[in-house]
Amino acid sequence: MQAAVYHGRRDVRIESVEDPGPPRSGELLLEVIRAGICGTDVSEYLHGPQAIPVHRPDPATGYQGPVILGHEFLGRVVEVGPGVEGFRPGQRVVSGAGVWCGQCAWCRAGRTNLCERYYTLGLQADGGLAEYVRVPAKTCVHVPEECPDDAAALAQPLAVAVHAVNRAGVVPGQSVAVVGVGAIGSLIVAAAARRGARPLVAVDVKPERLRAAASLGATHCVQGSGSQAAQAVHEATGGYGAEVVIESSGVPGSADLACAMVRRGGRILQVGLHHEPEPVALRDLVLREVDLITTVAHVCPVDLPEAVRLLADGTLAQLVVDRVIGLQRLVPDGLMALAEGRAQGKILVDPRA
């Protein structure tokens, strides 16, 4: 089969590899219909290997070497492995891609995204940027017939956004500000809007991102950063600041900006990953009793089904998807398009094209 194989920095090859073979116990064999690419894939391509175990074995899987990329994908069940119930050939499913052991303390507590043996298909094991992929059935959720392929392919990243909104404790009628409305931030806006957040303020420096955020449900859009952006959030929330601030940009100074936007007794959720230490005004947060929490990945059994439900009518995909490309064009029209800012939304890949 044809697959996108990561060999190292700026070295992703579309090449012929062996089929995954029949599913083992607890697994499904899928024919991939759509796969998505994201900032993690771009970062690995430009600056990696970081999470991909090319040069040393992965501590969870023991795997070392080139990896088939793709942690966002929709597939059709080809074969069901021993011990798997609830799936049959021909069904469309999405995979959460994150695999957990189910036995450690974190898994027993329901926090499977923190599993001590957690790994991700497409990073620490072969993923879905290929014609076929073998996946644990427990990571998969059925896709309803009415849900278009392009919409279903957004389920994994939307599950990350749903998990962020869940971690932030967003409830209907609550004021929320989302700082940085790029790939994940825009989906957080969509998830928060569907949760009933209002006012819902999108903050970014790029006007095209803000236009997209408005179409996804933001009630107010603030272009800029620093004190002017913080003041605009206060004005949009009756002078108090947002009850919840979700920081999803990860740019220098963004943590301090989130602190300036949140109201007394509010919450800050940190989503964006900072590459350098970031100063935080802890004294100010303590005196105003502000909660500072973080989020990573998603809890597959909880967040992925909700993401599929939100995507079922196809509306969100029409607003988010920029293009669908063939596997052979992955690097120039996919990874580099994202890296160079030539994409106005999500890029999906049809491995059969």
# chains A, B, ... in the order shown; residues from 1 in each chain; ligands from 1

$ select_by_dssp --residues "stretch 204-283 of chain A" --states "alpha helix (DSSP H)" --output "number ranges by chain"
A: 207-216, 226-236, 254-261, 282-283

$ write_last_selection --atoms "N, CA, C and O atoms" --output "compact mmCIF listing (two decimals), in the first residue's frame"
# COMPACT_ATOMS: atom_id res chain seq x y z
N PRO A 207 -6.85 38.79 10.89
CA PRO A 207 -8.26 39.04 10.62
C PRO A 207 -8.98 37.86 9.99
O PRO A 207 -10.16 37.63 10.25
N GLU A 208 -8.29 37.07 9.15
CA GLU A 208 -8.95 35.94 8.52
C GLU A 208 -9.34 34.87 9.54
O GLU A 208 -10.37 34.20 9.41
N ARG A 209 -8.54 34.71 10.57
CA ARG A 209 -8.89 33.78 11.63
C ARG A 209 -10.12 34.26 12.39
O ARG A 209 -10.98 33.47 12.79
N LEU A 210 -10.19 35.55 12.62
CA LEU A 210 -11.33 36.11 13.34
C LEU A 210 -12.61 36.00 12.53
O LEU A 210 -13.69 35.76 13.09
N ARG A 211 -12.50 36.16 11.23
CA ARG A 211 -13.69 35.97 10.40
C ARG A 211 -14.20 34.53 10.50
O ARG A 211 -15.41 34.28 10.59
N ALA A 212 -13.26 33.58 10.50
CA ALA A 212 -13.65 32.19 10.65
C ALA A 212 -14.27 31.95 12.02
O ALA A 212 -15.28 31.23 12.15
N ALA A 213 -13.69 32.56 13.07
CA ALA A 213 -14.23 32.38 14.42
C ALA A 213 -15.65 32.92 14.53
O ALA A 213 -16.50 32.33 15.20
N ALA A 214 -15.91 34.04 13.86
CA ALA A 214 -17.27 34.60 13.87
C ALA A 214 -18.25 33.64 13.22
O ALA A 214 -19.38 33.46 13.71
N SER A 215 -17.83 32.99 12.15
CA SER A 215 -18.73 32.04 11.48
C SER A 215 -18.96 30.80 12.34
O SER A 215 -19.97 30.11 12.18
N LEU A 216 -18.02 30.52 13.26
CA LEU A 216 -18.13 29.34 14.12
C LEU A 216 -18.89 29.62 15.42
O LEU A 216 -19.12 28.71 16.20
N GLY A 226 -1.90 42.15 23.78
CA GLY A 226 -1.49 43.09 24.81
C GLY A 226 -2.66 43.76 25.51
O GLY A 226 -3.79 43.28 25.52
N SER A 227 -2.38 44.92 26.08
CA SER A 227 -3.36 45.60 26.93
C SER A 227 -4.61 46.02 26.16
O SER A 227 -5.71 46.01 26.72
N GLN A 228 -4.48 46.36 24.89
CA GLN A 228 -5.66 46.75 24.12
C GLN A 228 -6.61 45.58 23.95
O GLN A 228 -7.84 45.73 24.05
N ALA A 229 -6.07 44.39 23.69
CA ALA A 229 -6.91 43.21 23.56
C ALA A 229 -7.58 42.88 24.89
O ALA A 229 -8.77 42.54 24.94
N ALA A 230 -6.84 43.00 25.99
CA ALA A 230 -7.42 42.74 27.31
C ALA A 230 -8.55 43.71 27.61
O ALA A 230 -9.60 43.32 28.13
N GLN A 231 -8.34 44.98 27.27
CA GLN A 231 -9.38 45.98 27.49
C GLN A 231 -10.62 45.66 26.67
O GLN A 231 -11.76 45.81 27.17
N ALA A 232 -10.44 45.21 25.44
CA ALA A 232 -11.57 44.87 24.59
C ALA A 232 -12.37 43.71 25.17
O ALA A 232 -13.61 43.68 25.09
N VAL A 233 -11.68 42.73 25.77
CA VAL A 233 -12.38 41.61 26.40
C VAL A 233 -13.19 42.10 27.59
O VAL A 233 -14.33 41.69 27.81
N HIS A 234 -12.61 43.00 28.38
CA HIS A 234 -13.34 43.57 29.51
C HIS A 234 -14.59 44.31 29.04
O HIS A 234 -15.67 44.19 29.65
N GLU A 235 -14.45 45.07 27.96
CA GLU A 235 -15.60 45.81 27.44
C GLU A 235 -16.70 44.86 26.96
O GLU A 235 -17.89 45.13 27.13
N ALA A 236 -16.30 43.73 26.36
CA ALA A 236 -17.28 42.78 25.84
C ALA A 236 -17.98 42.01 26.95
O ALA A 236 -19.02 41.37 26.70
N SER A 254 1.43 35.25 26.09
CA SER A 254 0.01 34.92 26.07
C SER A 254 -0.53 34.54 27.44
O SER A 254 -1.70 34.81 27.76
N ALA A 255 0.29 33.92 28.29
CA ALA A 255 -0.17 33.58 29.64
C ALA A 255 -0.46 34.84 30.44
O ALA A 255 -1.48 34.92 31.16
N ASP A 256 0.41 35.83 30.32
CA ASP A 256 0.20 37.10 31.02
C ASP A 256 -1.05 37.79 30.48
O ASP A 256 -1.82 38.40 31.25
N LEU A 257 -1.28 37.69 29.17
CA LEU A 257 -2.47 38.29 28.56
C LEU A 257 -3.73 37.63 29.10
O LEU A 257 -4.72 38.30 29.41
N ALA A 258 -3.72 36.31 29.22
CA ALA A 258 -4.88 35.59 29.76
C ALA A 258 -5.18 36.06 31.18
O ALA A 258 -6.35 36.23 31.55
N CYS A 259 -4.13 36.28 31.98
CA CYS A 259 -4.32 36.77 33.35
C CYS A 259 -5.00 38.14 33.35
O CYS A 259 -5.84 38.42 34.22
N ALA A 260 -4.66 38.97 32.39
CA ALA A 260 -5.25 40.31 32.32
C ALA A 260 -6.70 40.29 31.86
O ALA A 260 -7.44 41.24 32.09
N MET A 261 -7.11 39.20 31.20
CA MET A 261 -8.46 39.12 30.64
C MET A 261 -9.47 38.48 31.58
O MET A 261 -10.67 38.67 31.44
N LEU A 282 1.53 34.98 39.51
CA LEU A 282 0.83 34.15 40.47
C LEU A 282 0.26 34.96 41.64
O LEU A 282 -0.84 34.64 42.14
N ARG A 283 0.95 35.98 42.09
CA ARG A 283 0.44 36.80 43.19
C ARG A 283 -0.92 37.39 42.83
O ARG A 283 -1.87 37.34 43.63

$ residues_around --residues "A:Ala183" --least-positions-apart "5" --cutoff "10 Å" --atoms "only C-alpha atoms" --output "PDB file with N, CA, C and O atoms, in the first residue's frame"
ATOM      1  N   CYS A  38      -2.118  18.373  11.000  1.00  0.00           N
ATOM      2  CA  CYS A  38      -2.232  19.475  11.949  1.00  0.00           C
ATOM      3  C   CYS A  38      -0.863  20.043  12.270  1.00  0.00           C
ATOM      4  O   CYS A  38       0.158  19.638  11.700  1.00  0.00           O
ATOM      5  N   GLY A  39      -0.846  20.979  13.232  1.00  0.00           N
ATOM      6  CA  GLY A  39       0.393  21.635  13.606  1.00  0.00           C
ATOM      7  C   GLY A  39       1.436  20.692  14.162  1.00  0.00           C
ATOM      8  O   GLY A  39       2.644  20.921  13.999  1.00  0.00           O
ATOM      9  N   PRO A 157      -9.491  16.042  16.155  1.00  0.00           N
ATOM     10  CA  PRO A 157      -9.139  17.373  16.670  1.00  0.00           C
ATOM     11  C   PRO A 157     -10.290  18.055  17.394  1.00  0.00           C
ATOM     12  O   PRO A 157     -10.065  18.787  18.363  1.00  0.00           O
ATOM     13  N   LEU A 158     -11.533  17.815  16.953  1.00  0.00           N
ATOM     14  CA  LEU A 158     -12.659  18.406  17.668  1.00  0.00           C
ATOM     15  C   LEU A 158     -12.788  17.788  19.062  1.00  0.00           C
ATOM     16  O   LEU A 158     -13.171  18.473  20.017  1.00  0.00           O
ATOM     17  N   ILE A 188     -12.144  25.104  19.385  1.00  0.00           N
ATOM     18  CA  ILE A 188     -12.573  25.408  20.750  1.00  0.00           C
ATOM     19  C   ILE A 188     -13.700  26.433  20.720  1.00  0.00           C
ATOM     20  O   ILE A 188     -14.677  26.325  21.476  1.00  0.00           O
ATOM     21  N   ARG A 209      -8.537  34.713  10.570  1.00  0.00           N
ATOM     22  CA  ARG A 209      -8.887  33.777  11.629  1.00  0.00           C
ATOM     23  C   ARG A 209     -10.119  34.260  12.395  1.00  0.00           C
ATOM     24  O   ARG A 209     -10.982  33.474  12.788  1.00  0.00           O
ATOM     25  N   SER A 248      -4.966  29.399  23.732  1.00  0.00           N
ATOM     26  CA  SER A 248      -4.622  28.316  22.805  1.00  0.00           C
ATOM     27  C   SER A 248      -3.565  28.703  21.789  1.00  0.00           C
ATOM     28  O   SER A 248      -3.356  27.990  20.818  1.00  0.00           O
ATOM     29  N   SER A 249      -2.887  29.828  22.014  1.00  0.00           N
ATOM     30  CA  SER A 249      -1.885  30.257  21.035  1.00  0.00           C
ATOM     31  C   SER A 249      -0.495  29.730  21.358  1.00  0.00           C
ATOM     32  O   SER A 249       0.262  29.360  20.466  1.00  0.00           O
ATOM     33  N   VAL A 320     -14.846  24.869   8.194  1.00  0.00           N
ATOM     34  CA  VAL A 320     -13.472  24.638   8.653  1.00  0.00           C
ATOM     35  C   VAL A 320     -12.547  24.076   7.575  1.00  0.00           C
ATOM     36  O   VAL A 320     -11.369  24.439   7.503  1.00  0.00           O
ATOM     37  N   GLN A 344      -6.316  28.246   4.492  1.00  0.00           N
ATOM     38  CA  GLN A 344      -7.298  29.044   5.206  1.00  0.00           C
ATOM     39  C   GLN A 344      -8.159  28.190   6.133  1.00  0.00           C
ATOM     40  O   GLN A 344      -9.161  28.681   6.666  1.00  0.00           O
ATOM     41  N   GLY A 345      -7.772  26.948   6.330  1.00  0.00           N
ATOM     42  CA  GLY A 345      -8.536  26.058   7.189  1.00  0.00           C
ATOM     43  C   GLY A 345      -7.890  24.694   7.221  1.00  0.00           C
ATOM     44  O   GLY A 345      -6.692  24.543   6.933  1.00  0.00           O
ATOM     45  N   LYS A 346      -8.692  23.703   7.541  1.00  0.00           N
ATOM     46  CA  LYS A 346      -8.203  22.341   7.689  1.00  0.00           C
ATOM     47  C   LYS A 346      -7.882  21.713   6.341  1.00  0.00           C
ATOM     48  O   LYS A 346      -8.646  21.840   5.384  1.00  0.00           O
TER      49      LYS A 346
END

$ residues_around --residues "A:Gly127" --least-positions-apart "5" --cutoff "6 Å" --atoms "only C-alpha atoms" --output "count of residues only"
6

$ select_by_dssp --residues "stretch 3-227 of chain A" --states "strand (DSSP E or B)" --output "ChimeraX atom specification"
/A:3-8,11-16,27-36,67-68,72-80,92-95,98-99,119-121,125,130,132-136,140-142,176-179,200-204,220-223

$ residues_around --residues "A:Glu31" --least-positions-apart "2" --cutoff "8 Å" --atoms "only C-alpha atoms" --output "compact mmCIF listing (two decimals) with N, CA, C and O atoms, in the first residue's frame"
# COMPACT_ATOMS: atom_id res chain seq x y z
N LEU A 29 -9.20 -3.56 11.29
CA LEU A 29 -8.45 -3.15 10.11
C LEU A 29 -9.34 -2.20 9.34
O LEU A 29 -10.48 -2.53 8.99
N ILE A 33 -10.43 6.55 4.60
CA ILE A 33 -11.21 7.38 3.68
C ILE A 33 -10.68 8.81 3.65
O ILE A 33 -10.54 9.42 2.60
N GLY A 75 -12.12 5.91 8.69
CA GLY A 75 -11.93 4.72 7.88
C GLY A 75 -13.17 3.87 7.81
O GLY A 75 -14.13 4.05 8.57
N ARG A 76 -13.13 2.93 6.90
CA ARG A 76 -14.21 1.93 6.76
C ARG A 76 -13.67 0.59 7.25
O ARG A 76 -12.57 0.18 6.86
N VAL A 77 -14.42 -0.08 8.09
CA VAL A 77 -13.98 -1.35 8.65
C VAL A 77 -13.86 -2.40 7.55
O VAL A 77 -14.82 -2.66 6.81
N VAL A 78 -12.68 -2.99 7.43
CA VAL A 78 -12.43 -4.07 6.48
C VAL A 78 -12.55 -5.42 7.16
O VAL A 78 -13.14 -6.37 6.63
N GLU A 131 -3.22 3.88 2.98
CA GLU A 131 -4.44 3.29 2.45
C GLU A 131 -5.16 2.43 3.48
O GLU A 131 -6.39 2.35 3.47
N TYR A 132 -4.39 1.81 4.39
CA TYR A 132 -4.99 0.98 5.43
C TYR A 132 -4.27 1.23 6.75
O TYR A 132 -3.09 1.60 6.78
N VAL A 133 -5.00 1.02 7.86
CA VAL A 133 -4.40 1.16 9.18
C VAL A 133 -5.07 0.17 10.12
O VAL A 133 -6.26 -0.12 10.00

$ residues_around --residues "A:Ala4" --least-positions-apart "6" --cutoff "10 Å" --atoms "only C-alpha atoms" --output "PyMOL selection string"
chain A and resi 12-17+67-70+122+126-131+327-328+330-331+351

$ write_last_selection --atoms "C-alpha atoms" --output "mmCIF file, in the first residue's frame"
data_model
loop_
_atom_site.group_PDB
_atom_site.id
_atom_site.type_symbol
_atom_site.label_atom_id
_atom_site.label_comp_id
_atom_site.auth_asym_id
_atom_site.auth_seq_id
_atom_site.Cartn_x
_atom_site.Cartn_y
_atom_site.Cartn_z
ATOM 1 C CA VAL A 12 8.480 12.512 4.662
ATOM 2 C CA ARG A 13 8.258 10.032 1.801
ATOM 3 C CA ILE A 14 5.215 8.704 -0.013
ATOM 4 C CA GLU A 15 6.267 5.129 -0.543
ATOM 5 C CA SER A 16 5.072 1.561 -0.896
ATOM 6 C CA VAL A 17 4.993 -0.343 2.385
ATOM 7 C CA VAL A 67 6.599 5.883 11.290
ATOM 8 C CA ILE A 68 3.528 6.245 9.088
ATOM 9 C CA LEU A 69 2.062 9.625 9.996
ATOM 10 C CA GLY A 70 -1.600 10.415 10.616
ATOM 11 C CA GLY A 122 0.712 8.395 13.736
ATOM 12 C CA ASP A 126 1.876 3.668 12.451
ATOM 13 C CA GLY A 127 -1.078 5.929 11.725
ATOM 14 C CA GLY A 128 -3.696 6.762 9.146
ATOM 15 C CA LEU A 129 -1.891 8.631 6.357
ATOM 16 C CA ALA A 130 -1.995 5.415 4.371
ATOM 17 C CA GLU A 131 -4.444 3.286 2.446
ATOM 18 C CA LEU A 327 -1.505 11.510 -0.659
ATOM 19 C CA GLN A 328 1.167 12.272 -3.270
ATOM 20 C CA LEU A 330 1.020 15.745 1.153
ATOM 21 C CA VAL A 331 4.300 17.621 1.509
ATOM 22 C CA PRO A 351 -5.167 8.349 0.503
#

$ closest_residue --among "A:Gly21, A:Glu247, A:Gly169, A:Trp106" --to "A:Val201" --atoms "only C-alpha atoms"
A:Glu247

$ atom_distance --atom1 "atom CA of A:Gly102" --atom2 "atom CA of A:Ala161"
22.8 Å

$ decode --residues "stretch 84-105 of chain A" --atoms "N, CA and C atoms" --output "compact mmCIF listing (two decimals), in the first residue's frame"
# COMPACT_ATOMS: atom_id res chain seq x y z
N VAL A 84 -13.60 -8.56 19.39
CA VAL A 84 -14.19 -7.24 19.17
C VAL A 84 -15.69 -7.38 18.94
N GLU A 85 -16.47 -6.61 19.67
CA GLU A 85 -17.91 -6.60 19.50
C GLU A 85 -18.39 -5.19 19.15
N GLY A 86 -19.52 -5.11 18.45
CA GLY A 86 -20.11 -3.82 18.14
C GLY A 86 -19.65 -3.20 16.84
N PHE A 87 -18.77 -3.87 16.12
CA PHE A 87 -18.31 -3.36 14.82
C PHE A 87 -18.46 -4.47 13.79
N ARG A 88 -18.67 -4.06 12.54
CA ARG A 88 -18.77 -5.03 11.45
C ARG A 88 -18.18 -4.42 10.18
N PRO A 89 -17.72 -5.25 9.25
CA PRO A 89 -17.17 -4.73 7.99
C PRO A 89 -18.17 -3.82 7.28
N GLY A 90 -17.62 -2.77 6.69
CA GLY A 90 -18.44 -1.81 5.94
C GLY A 90 -18.79 -0.57 6.72
N GLN A 91 -18.73 -0.62 8.04
CA GLN A 91 -19.06 0.55 8.84
C GLN A 91 -17.96 1.60 8.76
N ARG A 92 -18.36 2.87 8.79
CA ARG A 92 -17.39 3.96 8.91
C ARG A 92 -17.16 4.25 10.39
N VAL A 93 -15.89 4.44 10.73
CA VAL A 93 -15.53 4.77 12.11
C VAL A 93 -14.44 5.83 12.11
N VAL A 94 -14.38 6.58 13.21
CA VAL A 94 -13.24 7.47 13.45
C VAL A 94 -12.48 6.92 14.65
N SER A 95 -11.19 7.17 14.66
CA SER A 95 -10.34 6.72 15.77
C SER A 95 -9.84 7.93 16.53
N GLY A 96 -9.81 7.80 17.86
CA GLY A 96 -9.22 8.86 18.67
C GLY A 96 -7.70 8.87 18.62
N ALA A 97 -7.12 7.79 18.11
CA ALA A 97 -5.67 7.66 17.87
C ALA A 97 -4.84 7.51 19.14
N GLY A 98 -5.27 8.08 20.26
CA GLY A 98 -4.55 7.91 21.51
C GLY A 98 -4.91 6.57 22.14
N VAL A 99 -3.91 5.80 22.52
CA VAL A 99 -4.13 4.44 23.03
C VAL A 99 -3.71 4.39 24.50
N TRP A 100 -4.58 3.81 25.34
CA TRP A 100 -4.33 3.74 26.77
C TRP A 100 -4.36 2.29 27.23
N CYS A 101 -3.75 2.04 28.40
CA CYS A 101 -3.61 0.66 28.87
C CYS A 101 -4.87 0.14 29.56
N GLY A 102 -5.63 1.03 30.21
CA GLY A 102 -6.83 0.62 30.92
C GLY A 102 -6.59 0.06 32.30
N GLN A 103 -5.33 0.00 32.75
CA GLN A 103 -5.01 -0.66 34.02
C GLN A 103 -4.33 0.24 35.03
N CYS A 104 -3.65 1.29 34.59
CA CYS A 104 -2.90 2.13 35.52
C CYS A 104 -3.86 2.99 36.35
N ALA A 105 -3.33 3.71 37.32
CA ALA A 105 -4.16 4.52 38.22
C ALA A 105 -4.94 5.59 37.46
